[in-house]
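**Student:** Contents of start.txt (compact mmCIF, C-alpha atoms) are given next:
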```txt
# COMPACT_ATOMS: atom_id res chain seq x y z
CA MET A 1 -23.21 -14.35 -68.10
CA THR A 2 -26.83 -14.61 -69.14
CA THR A 3 -29.96 -13.29 -67.52
CA GLY A 4 -32.09 -16.38 -68.00
CA ALA A 5 -35.79 -16.17 -68.88
CA PRO A 6 -37.24 -12.72 -69.63
CA PHE A 7 -37.58 -10.74 -66.43
CA TRP A 8 -40.09 -8.26 -67.77
CA ALA A 9 -42.99 -10.65 -67.91
CA GLU A 10 -45.71 -8.11 -68.54
CA ARG A 11 -45.98 -4.43 -69.43
CA SER A 12 -48.97 -2.15 -69.28
CA GLY A 13 -48.04 1.18 -70.81
CA PRO A 14 -44.46 2.43 -70.81
CA TRP A 15 -43.99 2.28 -67.03
CA ALA A 16 -45.70 -0.71 -65.45
CA VAL A 17 -43.66 -3.84 -64.96
CA VAL A 18 -44.75 -7.07 -63.30
CA MET A 19 -41.72 -8.87 -61.92
CA ARG A 20 -41.42 -12.64 -61.93
CA ARG A 21 -40.75 -14.07 -58.47
CA ASP A 22 -40.37 -17.71 -59.51
CA ARG A 23 -36.60 -17.71 -59.97
CA PRO A 24 -33.42 -16.40 -58.28
CA PRO A 25 -32.64 -12.68 -58.53
CA VAL A 26 -30.97 -11.40 -61.67
CA ILE A 27 -27.76 -9.39 -61.32
CA ALA A 28 -28.46 -6.08 -63.04
CA VAL A 29 -25.10 -4.38 -62.46
CA GLU A 30 -21.80 -6.13 -61.87
CA THR A 31 -18.19 -5.01 -61.77
CA ARG A 32 -15.13 -7.20 -61.33
CA ASP A 33 -11.76 -5.71 -60.35
CA LEU A 34 -12.77 -2.53 -62.16
CA CYS A 35 -10.04 0.10 -62.54
CA ARG A 36 -9.98 3.49 -64.17
CA VAL A 37 -6.79 5.53 -64.26
CA TYR A 38 -6.63 9.14 -65.44
CA LYS A 39 -3.22 9.95 -66.89
CA GLY A 40 -1.50 12.84 -65.17
CA ARG A 41 -0.78 16.00 -67.12
CA ASP A 42 2.17 18.39 -66.86
CA LYS A 43 4.24 15.78 -65.01
CA ARG A 44 1.53 15.24 -62.43
CA PRO A 45 1.01 11.69 -61.15
CA ASP A 46 -1.71 9.45 -62.55
CA VAL A 47 -5.02 9.40 -60.66
CA ARG A 48 -6.52 5.99 -59.89
CA ALA A 49 -10.22 6.90 -59.80
CA LEU A 50 -11.42 3.28 -59.53
CA ASP A 51 -9.22 0.73 -57.79
CA ASN A 52 -10.13 -2.95 -58.29
CA LEU A 53 -13.76 -2.27 -57.46
CA SER A 54 -16.05 -5.32 -57.42
CA MET A 55 -19.76 -5.09 -56.69
CA GLN A 56 -23.15 -6.56 -57.61
CA ILE A 57 -26.58 -4.95 -57.70
CA GLU A 58 -29.69 -7.09 -58.09
CA GLU A 59 -32.43 -6.24 -60.54
CA GLY A 60 -35.17 -4.20 -58.89
CA GLU A 61 -32.84 -2.84 -56.19
CA VAL A 62 -32.27 0.81 -55.28
CA HIS A 63 -28.57 0.94 -54.46
CA GLY A 64 -26.94 4.02 -52.98
CA LEU A 65 -23.32 4.92 -53.68
CA LEU A 66 -21.99 7.18 -50.93
CA GLY A 67 -18.67 8.96 -50.75
CA PRO A 68 -16.97 12.36 -50.65
CA ASN A 69 -16.02 14.39 -53.70
CA GLY A 70 -13.34 12.60 -55.66
CA ALA A 71 -14.23 9.17 -54.29
CA GLY A 72 -14.91 7.76 -57.76
CA LYS A 73 -18.72 7.77 -57.77
CA THR A 74 -19.22 9.69 -61.01
CA THR A 75 -16.38 7.81 -62.72
CA LEU A 76 -18.10 4.53 -61.86
CA VAL A 77 -21.40 5.78 -63.30
CA LYS A 78 -19.65 6.92 -66.48
CA VAL A 79 -17.99 3.54 -66.97
CA LEU A 80 -21.24 1.66 -66.35
CA SER A 81 -23.08 3.92 -68.78
CA THR A 82 -20.45 3.39 -71.53
CA VAL A 83 -19.29 7.03 -71.40
CA LEU A 84 -15.80 6.06 -70.20
CA LEU A 85 -13.71 2.99 -70.95
CA PRO A 86 -12.27 1.11 -67.95
CA THR A 87 -8.49 0.83 -67.73
CA SER A 88 -8.82 -2.79 -66.60
CA GLY A 89 -11.35 -5.17 -65.12
CA SER A 90 -14.91 -5.59 -66.37
CA ALA A 91 -18.41 -4.25 -65.92
CA SER A 92 -21.74 -5.54 -67.17
CA ILE A 93 -25.38 -4.48 -67.32
CA LEU A 94 -27.91 -7.32 -67.24
CA GLY A 95 -25.20 -9.68 -68.45
CA HIS A 96 -23.92 -7.44 -71.27
CA ASP A 97 -20.32 -6.26 -71.09
CA VAL A 98 -20.16 -2.44 -71.23
CA VAL A 99 -17.14 -2.53 -73.56
CA ALA A 100 -17.73 -5.55 -75.79
CA GLU A 101 -21.51 -5.12 -76.01
CA THR A 102 -21.98 -1.35 -75.87
CA ALA A 103 -24.80 -1.41 -78.42
CA ALA A 104 -26.76 -3.88 -76.27
CA VAL A 105 -26.15 -1.94 -73.04
CA ARG A 106 -27.22 1.55 -74.10
CA PRO A 107 -30.92 0.79 -74.75
CA LEU A 108 -31.13 -0.74 -71.26
CA ILE A 109 -29.90 2.28 -69.31
CA GLY A 110 -30.94 5.80 -68.44
CA ILE A 111 -28.59 8.44 -67.03
CA VAL A 112 -29.48 11.41 -64.84
CA PHE A 113 -26.50 13.63 -64.05
CA GLY A 114 -26.78 16.49 -61.58
CA GLY A 115 -26.72 20.09 -62.73
CA ASP A 116 -27.48 21.37 -66.21
CA ARG A 117 -25.59 18.86 -68.34
CA GLY A 118 -27.48 17.17 -71.15
CA LEU A 119 -30.35 19.63 -71.59
CA TYR A 120 -30.85 21.91 -74.57
CA TRP A 121 -31.82 25.28 -73.14
CA GLY A 122 -33.19 26.65 -76.41
CA LEU A 123 -35.74 23.82 -76.64
CA THR A 124 -38.85 23.36 -74.56
CA GLY A 125 -39.12 20.63 -71.97
CA ARG A 126 -41.35 18.62 -74.30
CA GLN A 127 -38.95 19.04 -77.22
CA ASN A 128 -36.01 17.91 -75.08
CA LEU A 129 -37.80 14.66 -74.27
CA GLU A 130 -39.00 14.03 -77.81
CA TYR A 131 -35.50 14.67 -79.16
CA ARG A 132 -34.02 12.27 -76.61
CA ALA A 133 -36.59 9.64 -77.59
CA ALA A 134 -35.65 10.09 -81.26
CA LEU A 135 -32.00 9.38 -80.40
CA TYR A 136 -33.17 6.07 -78.95
CA ARG A 137 -35.21 5.42 -82.13
CA VAL A 138 -38.54 5.48 -80.33
CA PRO A 139 -41.30 5.82 -82.97
CA ALA A 140 -42.60 9.40 -83.24
CA GLU A 141 -46.11 8.72 -81.95
CA ALA A 142 -44.82 6.69 -79.01
CA ALA A 143 -42.24 9.39 -78.29
CA ARG A 144 -44.92 12.09 -78.11
CA ARG A 145 -47.08 9.97 -75.82
CA ARG A 146 -44.18 9.02 -73.59
CA ALA A 147 -42.94 12.62 -73.36
CA ALA A 148 -46.41 13.81 -72.32
CA GLU A 149 -46.70 11.13 -69.63
CA LEU A 150 -43.24 11.86 -68.28
CA ILE A 151 -43.82 15.61 -68.19
CA ASP A 152 -46.95 15.03 -66.16
CA ARG A 153 -45.18 12.57 -63.89
CA ALA A 154 -42.35 15.06 -63.28
CA GLY A 155 -44.81 17.81 -62.36
CA LEU A 156 -43.91 19.98 -65.35
CA ALA A 157 -47.20 19.92 -67.27
CA ASP A 158 -47.81 23.66 -66.88
CA ARG A 159 -44.32 24.50 -68.21
CA ALA A 160 -43.93 21.75 -70.82
CA ASP A 161 -43.87 24.17 -73.76
CA ASP A 162 -41.60 26.78 -72.18
CA ARG A 163 -37.93 26.91 -73.05
CA VAL A 164 -35.67 25.13 -70.59
CA GLU A 165 -33.61 28.31 -70.17
CA SER A 166 -36.54 29.70 -68.18
CA TYR A 167 -36.70 26.72 -65.79
CA SER A 168 -35.49 26.83 -62.22
CA ARG A 169 -32.69 24.47 -61.17
CA GLY A 170 -35.19 22.16 -59.52
CA MET A 171 -37.34 22.05 -62.66
CA LYS A 172 -34.30 21.26 -64.78
CA GLN A 173 -33.42 18.41 -62.46
CA ARG A 174 -36.94 16.97 -62.71
CA LEU A 175 -36.67 17.22 -66.49
CA HIS A 176 -33.36 15.37 -66.24
CA LEU A 177 -35.12 12.53 -64.46
CA ALA A 178 -37.83 12.41 -67.11
CA ARG A 179 -35.11 12.40 -69.77
CA GLY A 180 -33.50 9.36 -68.14
CA LEU A 181 -36.80 7.48 -68.41
CA VAL A 182 -37.75 8.44 -71.94
CA ALA A 183 -36.40 5.21 -73.46
CA ASP A 184 -38.07 3.07 -70.76
CA ALA A 185 -34.71 2.17 -69.19
CA ARG A 186 -34.41 -0.96 -67.06
CA VAL A 187 -31.37 0.35 -65.20
CA LEU A 188 -31.16 3.99 -64.07
CA PHE A 189 -28.05 5.84 -62.97
CA LEU A 190 -28.90 8.88 -60.86
CA ASP A 191 -25.84 11.03 -60.13
CA GLU A 192 -26.70 13.56 -57.37
CA PRO A 193 -30.28 13.75 -58.71
CA THR A 194 -31.69 16.17 -56.12
CA THR A 195 -29.09 18.88 -56.73
CA GLY A 196 -30.91 22.22 -56.77
CA MET A 197 -34.28 20.81 -55.74
CA ASP A 198 -36.26 22.49 -52.99
CA PRO A 199 -37.49 20.25 -50.13
CA LEU A 200 -40.90 19.63 -51.71
CA ALA A 201 -39.38 18.68 -55.07
CA ALA A 202 -36.89 16.40 -53.31
CA ARG A 203 -39.75 14.72 -51.47
CA ASP A 204 -41.60 14.17 -54.74
CA PHE A 205 -38.42 12.75 -56.24
CA ARG A 206 -38.11 10.20 -53.44
CA GLN A 207 -41.70 9.17 -53.99
CA LEU A 208 -40.97 8.71 -57.69
CA VAL A 209 -37.96 6.53 -56.90
CA GLY A 210 -40.26 4.32 -54.84
CA GLU A 211 -42.62 4.03 -57.79
CA LEU A 212 -39.75 3.12 -60.11
CA ARG A 213 -38.62 0.43 -57.69
CA ALA A 214 -42.17 -0.97 -57.63
CA GLU A 215 -42.00 -1.19 -61.41
CA GLY A 216 -38.94 -3.43 -61.13
CA ARG A 217 -36.35 -0.95 -62.33
CA THR A 218 -32.83 -1.04 -60.95
CA ILE A 219 -31.45 2.25 -59.65
CA LEU A 220 -27.90 3.23 -58.77
CA LEU A 221 -28.04 6.50 -56.84
CA THR A 222 -24.96 8.55 -55.97
CA THR A 223 -25.38 11.07 -53.18
CA HIS A 224 -23.79 12.86 -50.24
CA ASP A 225 -27.13 13.04 -48.44
CA MET A 226 -27.49 10.31 -45.82
CA ALA A 227 -31.16 11.15 -45.24
CA GLU A 228 -31.82 10.66 -48.94
CA ALA A 229 -30.04 7.29 -48.92
CA GLU A 230 -31.96 6.16 -45.84
CA ALA A 231 -35.25 7.19 -47.43
CA VAL A 232 -34.95 5.41 -50.77
CA CYS A 233 -32.13 2.82 -50.81
CA ASP A 234 -32.29 -0.91 -50.15
CA ARG A 235 -28.52 -1.04 -49.70
CA VAL A 236 -25.75 1.53 -49.67
CA ALA A 237 -22.10 1.21 -50.67
CA LEU A 238 -19.33 3.33 -49.16
CA ILE A 239 -16.59 4.26 -51.62
CA ASP A 240 -13.38 6.19 -51.13
CA HIS A 241 -10.32 6.61 -53.37
CA GLY A 242 -11.99 4.33 -55.90
CA GLN A 243 -12.26 1.42 -53.48
CA LEU A 244 -15.43 -0.20 -52.21
CA LEU A 245 -15.16 -0.10 -48.42
CA ALA A 246 -18.46 -1.60 -47.32
CA VAL A 247 -21.94 -2.48 -48.54
CA GLU A 248 -24.63 -2.19 -45.86
CA THR A 249 -28.32 -1.57 -45.37
CA PRO A 250 -29.16 2.04 -44.43
CA ARG A 251 -29.97 0.92 -40.89
CA THR A 252 -26.53 -0.63 -40.43
CA LEU A 253 -24.85 2.44 -41.87
CA GLY A 254 -26.95 4.59 -39.55
CA THR A 255 -25.39 2.73 -36.63
CA LEU A 256 -21.96 3.68 -37.95
CA LEU A 257 -22.99 7.33 -38.21
CA ALA A 258 -24.39 7.30 -34.68
CA GLN A 259 -20.90 6.57 -33.38
CA HIS A 260 -19.99 10.12 -34.42
CA GLU A 261 -22.98 12.02 -33.06
CA ARG A 262 -22.33 15.58 -31.96
CA ILE A 263 -23.87 17.78 -29.28
CA ASP A 264 -24.02 21.59 -29.51
CA PHE A 265 -24.53 23.70 -26.39
CA GLU A 266 -24.16 27.23 -25.08
CA GLY A 267 -22.09 27.55 -21.93
CA ASP A 268 -18.73 28.62 -20.54
CA ARG A 269 -15.21 27.40 -21.11
CA ALA A 270 -15.01 25.60 -17.79
CA ILE A 271 -17.87 23.27 -18.78
CA ALA A 272 -16.23 22.63 -22.15
CA ASP A 273 -12.93 21.74 -20.49
CA GLN A 274 -14.62 19.25 -18.15
CA LEU A 275 -16.53 17.66 -21.03
CA ALA A 276 -13.29 17.10 -22.95
CA GLU A 277 -12.14 14.78 -20.14
CA LEU A 278 -15.21 12.51 -20.26
CA PRO A 279 -14.85 9.00 -21.75
CA GLY A 280 -16.18 8.71 -25.30
CA VAL A 281 -15.69 12.40 -26.13
CA ALA A 282 -13.49 12.88 -29.19
CA SER A 283 -13.22 16.67 -29.04
CA VAL A 284 -14.85 19.89 -27.83
CA THR A 285 -14.63 22.81 -30.26
CA ALA A 286 -15.46 26.44 -29.50
CA HIS A 287 -17.73 28.41 -31.83
CA PRO A 288 -18.77 32.10 -31.78
CA ASN A 289 -21.22 33.39 -29.16
CA THR A 290 -20.10 31.08 -26.32
CA SER A 291 -21.29 27.97 -28.14
CA TYR A 292 -19.44 24.67 -28.27
CA ARG A 293 -19.63 21.45 -30.25
CA VAL A 294 -18.93 18.10 -28.63
CA GLU A 295 -17.84 15.39 -31.06
CA LEU A 296 -18.43 11.85 -29.78
CA ALA A 297 -16.26 8.85 -30.54
CA ASP A 298 -18.77 6.48 -28.95
CA ALA A 299 -22.57 6.73 -29.27
CA SER A 300 -23.00 5.49 -25.70
CA ALA A 301 -21.27 8.65 -24.44
CA ALA A 302 -24.23 10.82 -25.51
CA ARG A 303 -26.23 9.95 -22.40
CA VAL A 304 -23.30 10.85 -20.11
CA VAL A 305 -22.62 14.15 -21.89
CA LEU A 306 -26.27 15.20 -21.87
CA ALA A 307 -26.63 14.33 -18.17
CA PHE A 308 -23.49 16.37 -17.39
CA LEU A 309 -24.80 19.40 -19.30
CA VAL A 310 -28.19 19.30 -17.59
CA GLU A 311 -26.52 18.94 -14.18
CA ALA A 312 -24.33 21.96 -15.02
CA GLY A 313 -27.45 24.04 -15.68
CA VAL A 314 -27.07 24.28 -19.47
CA THR A 315 -30.47 24.84 -21.11
CA SER A 316 -29.51 25.33 -24.77
CA ILE A 317 -28.59 21.87 -26.09
CA ARG A 318 -28.97 20.34 -29.54
CA THR A 319 -27.95 16.88 -30.78
CA SER A 320 -27.34 15.97 -34.43
CA ARG A 321 -25.53 13.54 -36.66
CA PRO A 322 -22.78 14.58 -39.03
CA ASN A 323 -23.35 14.56 -42.75
CA LEU A 324 -21.57 11.95 -44.81
CA GLU A 325 -18.49 14.03 -45.62
CA GLU A 326 -18.00 14.91 -41.95
CA VAL A 327 -18.11 11.21 -41.08
CA TYR A 328 -15.41 10.64 -43.67
CA VAL A 329 -13.25 13.30 -41.98
CA HIS A 330 -13.57 11.28 -38.77
CA VAL A 331 -13.12 7.73 -39.99
CA ILE A 332 -11.42 7.70 -43.41
CA GLY A 333 -7.74 8.30 -43.77
CA ASP A 334 -4.96 6.57 -45.66
CA ARG A 335 -5.98 3.30 -43.99
CA GLY A 336 -9.65 3.53 -45.07
CA LEU A 337 -12.85 3.05 -43.13
CA LYS A 338 -12.81 1.09 -39.89
CA ILE A 339 -16.02 -0.93 -39.49
```
Represent the structure contained in this file as structure tokens.
**Tutor:**
Amino acid sequence: MTTGAPFWAERSGPWAVVMRRDRPPVIAVETRDLCRVYKGRDKRPDVRALDNLSMQIEEGEVHGLLGPNGAGKTTLVKVLSTVLLPTSGSASILGHDVVAETAAVRPLIGIVFGGDRGLYWGLTGRQNLEYRAALYRVPAEAARRRAAELIDRAGLADRADDRVESYSRGMKQRLHLARGLVADARVLFLDEPTTGMDPLAARDFRQLVGELRAEGRTILLTTHDMAEAEAVCDRVALIDHGQLLAVETPRTLGTLLAQHERIDFEGDRAIADQLAELPGVASVTAHPNTSYRVELADASAARVVLAFLVEAGVTSIRTSRPNLEEVYVHVIGDRGLKI
């Protein structure tokens, strides 16, 4: 597979990219029947982390990868970033096979893992970025300039020369993001990138993702946070037990989530028992302090349940949607997701 004419038609500084619109989209990330099996230890069975997974992500797309712990998200990122070898199948980045053409793939990608992995705590933020740039053989002067621009972009200018060991978790995560960009990557893998960020830092991160998309970069984002996926992703993929279950726009996935809306209220047991008999109600669960949670199996039942509660004189009512893992508890079993 080839990528055709150069996609990056013009650059102005290390970030700006003008995308060509005069030809069909380029496939930035592709997997075909990708499998990764971890051999069991101490007579334990093998674990099939990726199971014949096939997907495509277009260049310039922000693609969310959603799934519970153990679904295979991080394993997929590690295979695509040449950290792990696939057991079978193939994967490519901008037409370069991740196994056969590792040397061509690595300069094209940037990796941002959640947590503290990959940072040197005894170095300053600036030194971390300059060291990372040196590993990618960026000339020293360009590395210093790029590190300074990234530090400013990540909102770390006032702490650039402090040791990373003194950074908060949110600051470390922003430095991680800067580290992923230091080699001017065309494809970014962001694995739970907002871990440890406060709400303001997470908001700034989402704005930065929008800027990176505008520059034409491709982003694969793994997350449990549906709100984050809705805010930044063009498409989202649902993955469980290493299998790709569906690829949808956030709006379509939001419709799926709405089918499992829940309603919390404070009332007595008699009201809860009557609610449990209404059509479209999956369950009614008691919580401390005379509060109850109504789980809906059908979004259209919300109107009926709310009307019933108001008629019964209940004044403390709150509606919400489940987070992604709670949706998986509802709809994913051995048979997979029903869409």
**Student:** Counting only C-alpha atoms, which of A:Val304, A:Glu228, A:Leu177, A:Tyr167 gets nearest to Pro199 (chain A)?
**Tutor:**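 The shortest atom-to-atom distance to Pro199 (chain A) comes from A:Glu228.
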**Student:** Please report, as JSON, the centre and edge lengths in Å to one decimal of an axis-aligned box covering all listed atoms of region 198-205 of chain A with 8 Å per side.
**Tutor:**
```
{"center_x": -38.9, "center_y": 17.6, "center_z": -53.2, "size_x": 21.3, "size_y": 25.7, "size_z": 22.1}
```
**Student:** Have a look at CA of Ser81 (chain A) and CA of Ala160 (chain A) and let me know their distance in Å, one decimal.
**Tutor:**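 Straight-line distance from CA of Ser81 (chain A) to CA of Ala160 (chain A) works out to 27.5 Å.
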**Student:** Please list as number ranges by chain every residue within 8 Å of Leu190 (chain A), counting only C-alpha atoms and excluding residues in the same chain fewer than 3 positions away.
**Tutor:** A: 111-114, 193, 219-222
**Student:** Interatomic distance between CA of His224 (chain A) and CA of Leu253 (chain A)?
**Tutor:**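 Distance between the two atoms: 13.4 Å.
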**Student:** Taking all atoms listed in the file into account, which of A:Asp264, A:Ala227, A:Glu277, A:Glu30 comes nearest Thr319 (chain A)?
**Tutor:** A:Asp264
**Student:** Can you pull out the residues contacting region 123-136 of chain A? Cut-off 12 Å, using only C-alpha atoms, and skip same-chain residues under 4 positions away; I want them as a ChimeraX atom specification.
**Tutor:** /A:103,106-111,118-119,140-152,154-167,171-185
**Student:** Report as a list in words all protein, DNA and RNA residues lying within 9 Å of Met55 (chain A), evaluated on all atoms listed in the file, omitting residues in the same chain fewer than 3 positions from it.
**Tutor:**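 Listing them by chain and then by number gives Val29, Glu30, Thr31, Arg32, Asp33, Leu244 and Val247 of chain A.
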**Student:** Could the residues in this selection be written to a file with C-alpha atoms, as a tab-separated table (two decimals), keeping the file's coordinate frame?
**Tutor:**
```tsv
chain	number	residue	atom	x	y	z
A	29	VAL	CA	-25.10	-4.38	-62.46
A	30	GLU	CA	-21.80	-6.13	-61.87
A	31	THR	CA	-18.19	-5.01	-61.77
A	32	ARG	CA	-15.13	-7.20	-61.33
A	33	ASP	CA	-11.76	-5.71	-60.35
A	244	LEU	CA	-15.43	-0.20	-52.21
A	247	VAL	CA	-21.94	-2.48	-48.54
```
**Student:** Which residue is closest to Leu34 (chain A)? Choose from A:Ala71, A:Ile317, A:Ala302, A:Ala91 and count all atoms listed in the file.
**Tutor:**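 Checking each candidate against Leu34 (chain A), we get A:Ala91 as the closest.
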**Student:** What is the CA of Asp234 (chain A)-CA of Glu248 (chain A) distance in Å, reported with one decimal?
**Tutor:**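 Spanning CA of Asp234 (chain A) to CA of Glu248 (chain A) is a straight-line distance of 8.9 Å.
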**Student:** Looking at only C-alpha atoms, which of A:Lys39, A:Asp298, A:Ser283, A:Asp268 is the one that sits closest to Gly313 (chain A)?
**Tutor:**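 With only C-alpha atoms as the atom set, the closest residue is A:Asp268.
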**Student:** Can you pull out the residues contacting His287 (chain A)? Cut-off 10 Å, using all atoms listed in the file, and skip same-chain residues under 5 positions away; I want them as a VMD selection string.
**Tutor:** chain A and resid 264 to 266 292 to 293
**Student:** Write a file of the selected residues as a short mmCIF file (atom, residue, chain, number, x, y, z; two decimals), in the frame of the given file, keeping C-alpha atoms.
**Tutor:**
```cif
data_model
loop_
_atom_site.label_atom_id
_atom_site.label_comp_id
_atom_site.auth_asym_id
_atom_site.auth_seq_id
_atom_site.Cartn_x
_atom_site.Cartn_y
_atom_site.Cartn_z
CA ASP A 264 -24.02 21.59 -29.51
CA PHE A 265 -24.53 23.70 -26.39
CA GLU A 266 -24.16 27.23 -25.08
CA TYR A 292 -19.44 24.67 -28.27
CA ARG A 293 -19.63 21.45 -30.25
#
```
**Student:** Measuring between all atoms listed in the file, which one of A:Thr285, A:Gly280, A:Gly267, A:Ala100 shows the shortest distance to Val314 (chain A)?
**Tutor:** A:Gly267
**Student:** I'd like the contact shell of Gln274 (chain A) - 12 Å cut-off, all atoms listed in the file, skipping same-chain residues fewer than 6 positions apart - returned as a count of residues only.
**Tutor:** 10
**Student:** Quick one: residues within 12 Å of (-23.9, -6.1, -57.4) (file frame), counting all atoms listed in the file, please, as a PyMOL selection string.
**Tutor:** chain A and resi 25-32+53-65+91-95+218-220+235-237+244+247
**Student:** If you keep C-alpha atoms, can you produce a file of those selected residues as an mmCIF file, keeping the file's coordinate frame?
**Tutor:**
```cif
data_model
loop_
_atom_site.group_PDB
_atom_site.id
_atom_site.type_symbol
_atom_site.label_atom_id
_atom_site.label_comp_id
_atom_site.auth_asym_id
_atom_site.auth_seq_id
_atom_site.Cartn_x
_atom_site.Cartn_y
_atom_site.Cartn_z
ATOM 1 C CA PRO A 25 -32.640 -12.680 -58.530
ATOM 2 C CA VAL A 26 -30.970 -11.400 -61.670
ATOM 3 C CA ILE A 27 -27.760 -9.390 -61.320
ATOM 4 C CA ALA A 28 -28.460 -6.080 -63.040
ATOM 5 C CA VAL A 29 -25.100 -4.380 -62.460
ATOM 6 C CA GLU A 30 -21.800 -6.130 -61.870
ATOM 7 C CA THR A 31 -18.190 -5.010 -61.770
ATOM 8 C CA ARG A 32 -15.130 -7.200 -61.330
ATOM 9 C CA LEU A 53 -13.760 -2.270 -57.460
ATOM 10 C CA SER A 54 -16.050 -5.320 -57.420
ATOM 11 C CA MET A 55 -19.760 -5.090 -56.690
ATOM 12 C CA GLN A 56 -23.150 -6.560 -57.610
ATOM 13 C CA ILE A 57 -26.580 -4.950 -57.700
ATOM 14 C CA GLU A 58 -29.690 -7.090 -58.090
ATOM 15 C CA GLU A 59 -32.430 -6.240 -60.540
ATOM 16 C CA GLY A 60 -35.170 -4.200 -58.890
ATOM 17 C CA GLU A 61 -32.840 -2.840 -56.190
ATOM 18 C CA VAL A 62 -32.270 0.810 -55.280
ATOM 19 C CA HIS A 63 -28.570 0.940 -54.460
ATOM 20 C CA GLY A 64 -26.940 4.020 -52.980
ATOM 21 C CA LEU A 65 -23.320 4.920 -53.680
ATOM 22 C CA ALA A 91 -18.410 -4.250 -65.920
ATOM 23 C CA SER A 92 -21.740 -5.540 -67.170
ATOM 24 C CA ILE A 93 -25.380 -4.480 -67.320
ATOM 25 C CA LEU A 94 -27.910 -7.320 -67.240
ATOM 26 C CA GLY A 95 -25.200 -9.680 -68.450
ATOM 27 C CA THR A 218 -32.830 -1.040 -60.950
ATOM 28 C CA ILE A 219 -31.450 2.250 -59.650
ATOM 29 C CA LEU A 220 -27.900 3.230 -58.770
ATOM 30 C CA ARG A 235 -28.520 -1.040 -49.700
ATOM 31 C CA VAL A 236 -25.750 1.530 -49.670
ATOM 32 C CA ALA A 237 -22.100 1.210 -50.670
ATOM 33 C CA LEU A 244 -15.430 -0.200 -52.210
ATOM 34 C CA VAL A 247 -21.940 -2.480 -48.540
#
```
**Student:** Measuring between only C-alpha atoms, which one of A:Ala231, A:Ile239, A:Ala307, A:Ala299 shows the shortest distance to Leu76 (chain A)?
**Tutor:**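 Looking at the shortest contact to Leu76 (chain A), the residue is A:Ile239.
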